[in-house]
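**Q** This structure is in structure tokens; I'll ask about it shortly.
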Amino acid sequence: MKKTPNIKQLDRRSFLQVTALAGGGMMIGLYAPKALSQGRGGPGGPAAAPVPSNFITINPNNTFTVIAKNPETGQGIRNALPMIIADELDVDWNQVTVQQADRDQAKYGQQIEGGSTAIPSNYTPMRQIGAAGRALVLAAAADNWSVPVTELTTASGVVRHAASNRTATYGSLAAKAATMPVPATIPLKDPKDFKIIGKPLPGVDNLAIVTGKPAFSVDVNPPGMLHAIFEKCPVFGGRVVNANIDEIKKLPGIRHAFIVTPPAPPAAPAGAPAAGGRGGGGGGVNIPSGVAIVADNWWLAQNARKSLKITWDEGATATQSTAGYTAMAKQLKATADQTPAAAAAPAAAPAPGGRGGPQIAAVGDVEAAFKAPGNKVVEQEYYFPLLAHAPLEPQNSTAHYQNGKLEIWSPSQIPQVDPVGAAAGTTGANVTMHLVRAGGGFGRRLQSEYDLEVSRIARLVADERAAAGQPSVPVKLLWSREDDMHFDNYRPGAYHYFKGAVDASGKLVAFKDFVGAFPNTGSGTPIPSNEFPRGFVPNFLVTSGNITPFNVPTGALRAPGTNGTTFAMQSIIDELAIAANKDPLQFRLDVLRSPEGAAGGGFSAARAIGVVEKVRDMSNWATRRAGLPRGTGMGVAFQFAHAGYVAYVVEVAVDNNKRIKINKAWAAVDIGRQIVNPSMAKNLVEGGFIEGMSHIMHWEITIDKGRVVQNNFTEFQPTRMQQVARNLVEVEFVLSDNNPTGLGEPSLPPAVPAITNAIFAASGVRIRSLPLVHAGYSWAT
Amino acid sequence: MPNYRLTVNGRQQTVDVPADMPLLWVLRDTLNLKGTKFGCGVGACGACTVHINNEARRSCVTQVSNVNQAITTIEGLSNDGSHPLQRAWMELDVPQCGYCQAGQLMSAAALLRRTSRPSDAEINTAMTGNVCRCGTYLRIREAIHLAANGGRRA
């Protein structure tokens, strides 16, 4: 079918592979491990010889198959990356069929949905791939017609020579193009000539979604598949002592039931990184202790859980609780108050680019500023809780272990073959991993313990069946909603103890924050040492203390490290603005225009000012605010998160019964000079705001006796339609002259404080603790 | 296990399942109709919404033995995306992750069947049981209006 790939060097770092297809088509791939690497997680790009890839297939009938390399969990990357290729290839979008890549980082570079990195990492490489395909087709046409390439134009997958009025489809040129040398230079389009990039194009899976085709991970259904549940100890880290396995096996429809044992330790030093999982161990991966029940359908397995009798060794975590964490935070704060040494520590350098950075930042002398006569001091405590991700599709994965090989259909945001192979007692080289659309990620699927669990269970099922002389079968592991809520990697909460000062002129002169922090067991530090207003206040001190013991797994939730922190930081800034007798929006602009040393993490004051001014103008801030009725107020907040700048103004009405109605939200967003797909981009901003409403009113995870209290959406209420007024969110993009960056994350963090600052403006009540339901608030309906 | 005769999307089918098995799992695992989604198992998210006798019902809390009227699932709304709501959903590019949308469409279809031109308030009431974790409510509401208006933008 295929001829040997033709490897052509583009530059020192990247290679083009062109493969001729039987019947006259061609495949075009790019080998560019560095160019295709993403900013976070996962193994690095390959160092071995180029592997043929197939980003573009030009079919003889002049249709085009374009690879979507990254996992899709709802941010539209399955559209965005192929759109970029197709535009530079200069074909029409309706000529393109998008094909999801399997997991193969030797071919495709890193395949991650996370950190809003897909666009910044892939924008230029995807353009180069498309442009290379176009250049080869042009070279073939020029050779056929003996005319200079410069006299040729393209459109809609057709090459045209205007002077001689000749045309040829890409499909007709493909066989020849596959033999052409790669031109020395491959021009990229002038962005003004984009025909697909920047157009609001609907999701490529929309038809499948609205007609109920099996589009999601949970719908994967290979022949002979059995269905599994995995009962784990409700206390984090607890272990099975014994279980009534024999009784469970007798229940109708139950095919297998067993205590899940970890894989044998590898013979060689473990090469596979530990990923996800907890409370177990072995084989270089952590598989939690628990009982698997495998049945003909999922409900039979789930129903059998009612009959399970397990004796657990709950372990030390069973003594932990949210109340205990709170007491610990207060104790840490009291201790810190008696230890002023940190103030004398030198300022730690801001980490470049990232949002994490050091956990201590000390600039100037905050204590002297607090004591200086004429300065007004504000001192307040803030709290935000642990949160579950609660993607609507509960965690699941499907795997088939057979003859030493594992095939797996993964919904992971960070699919990895090595730990999955280890869980099945084999290696990553024996794993075939398909990437399946997931029903929401929000960072939850950056930890993929369900992949490890199903691989382990599939292996144990295969072993049991082999012992009984039965053929191996695929197994789907599906968590219940309760499992999903009880075994998340939670957004870390934090306790903030702020003290700030403004001088008589209203200038912010001192800012101090002590953070009672949950240790960073996952990604997403809640320590704001690198956050605004660092770099804009002469005296700045952030210190922290870790709440210990803390054995609850944490992880990244949409804008990790920023989403909760922004609530606290942009709220205390609002309090300082009020103390300074200033308009809160103007106060932010004033601070942003008074740099005092280095800002953190690549923060650009100019871009922050840009979105704040834009949202001021969109909302007609001053005029509208002056005319609001009693009980209605407007709030503002901004944040720099995951390379994007977002500012909101929100108008809120609060009645005497603490019922809140959000009248309107305006969002100004700066993610660079090019929005790849404005339809999804706007959708993501609206969704980020609406998620923020969930964070404000209802969402929290509390721990009691080492286990999660909340069980289902009944106790973890998301925002619902009636709380979202028609045309609630107005979005505008500030097209600054910066490289395009991602939008999965930046729209969420400032939504929360913009709303709570508006509640203050409406009611005079400052919100310092989330969620609001504890303070007697509810949504007006 | 007992046999139950179900009419699903106009087709009579017999299933041999336990009496207390929720309709959701009969549809998904016994009849291999994967369009109806599992979200919560307690009727709190609406992802499993189907029509029973043209009314929106949560199939995850509906025991198969209690179903004796015709069932319509997302696959029966139309197989080709031609239902006015499906067309509106695609025209306005409603989905983000898309997992809730089958349930949203079924709730919306039941609403339009009894109220051909619903107000915002009527839409809110009909749709409040359907969670969209991604927060596409603004587009869902506009898509219902669009479909109710014969596919013409108001």
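Residue names in the structure tokens use chain letters A, B, ... in the order shown, residue numbers from 1 in each chain, and ligand numbers from 1 in the order shown.
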Could you write out as JSON, numbers by chain the residues of chain A within 6 Å of chain B, counting only C-alpha atoms?

**A** {"A": [73, 74, 202, 210, 211, 212, 213, 214, 219, 297, 392, 393, 439, 440, 481, 687, 690, 720, 721, 722]}

**Q** Give me, as a list in words, all polymer residues having an atom no more than 7 Å from Ala257 of chain A, counting only C-alpha atoms and skipping those fewer than 2 positions away in the same chain.

**A**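 Skipping anything fewer than 2 positions along the chain leaves Ile245, Ile248, Lys249, Ala292, Ile293 and Val294 of chain A.
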
**Q** I need the residues from that last selection saved to file as a CSV table (one decimal), in the first residue's frame (with C-alpha atoms), if you can.

**A**
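For reference, out26.csv as written:
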chain,number,residue,atom,x,y,z
A,245,ILE,CA,-15.3,-12.6,47.4
A,248,ILE,CA,-20.0,-12.0,45.4
A,249,LYS,CA,-19.0,-14.5,42.7
A,292,ALA,CA,-12.9,-5.6,41.5
A,293,ILE,CA,-16.2,-7.0,40.5
A,294,VAL,CA,-16.6,-7.9,36.8

**Q** Quick one: residues within 8 Å of Glu700 of chain A, only C-alpha atoms counted, chain neighbours fewer than 5 positions away excluded, as an MDAnalysis selection string?

**A** chainID A and resid 385:388 695 716 770:771

**Q** Show which residues sit within 6 Å of Ser529 of chain A, as a list in words. Count only C-alpha atoms, and ignore same-chain residues fewer than 2 positions away.

**A**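 Near Ser529 of chain A, the qualifying residues are Gln359, Ile360, Ala361, Ile527, Glu531 and Val542 of chain A.
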
**Q** Quick one: pull the distance between atom CA of Ala56 of chain B and atom CA of Ala19 of chain B, Å, one decimal.

**A**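 One can read the atom CA of Ala56 of chain B to atom CA of Ala19 of chain B distance as 21.3 Å.
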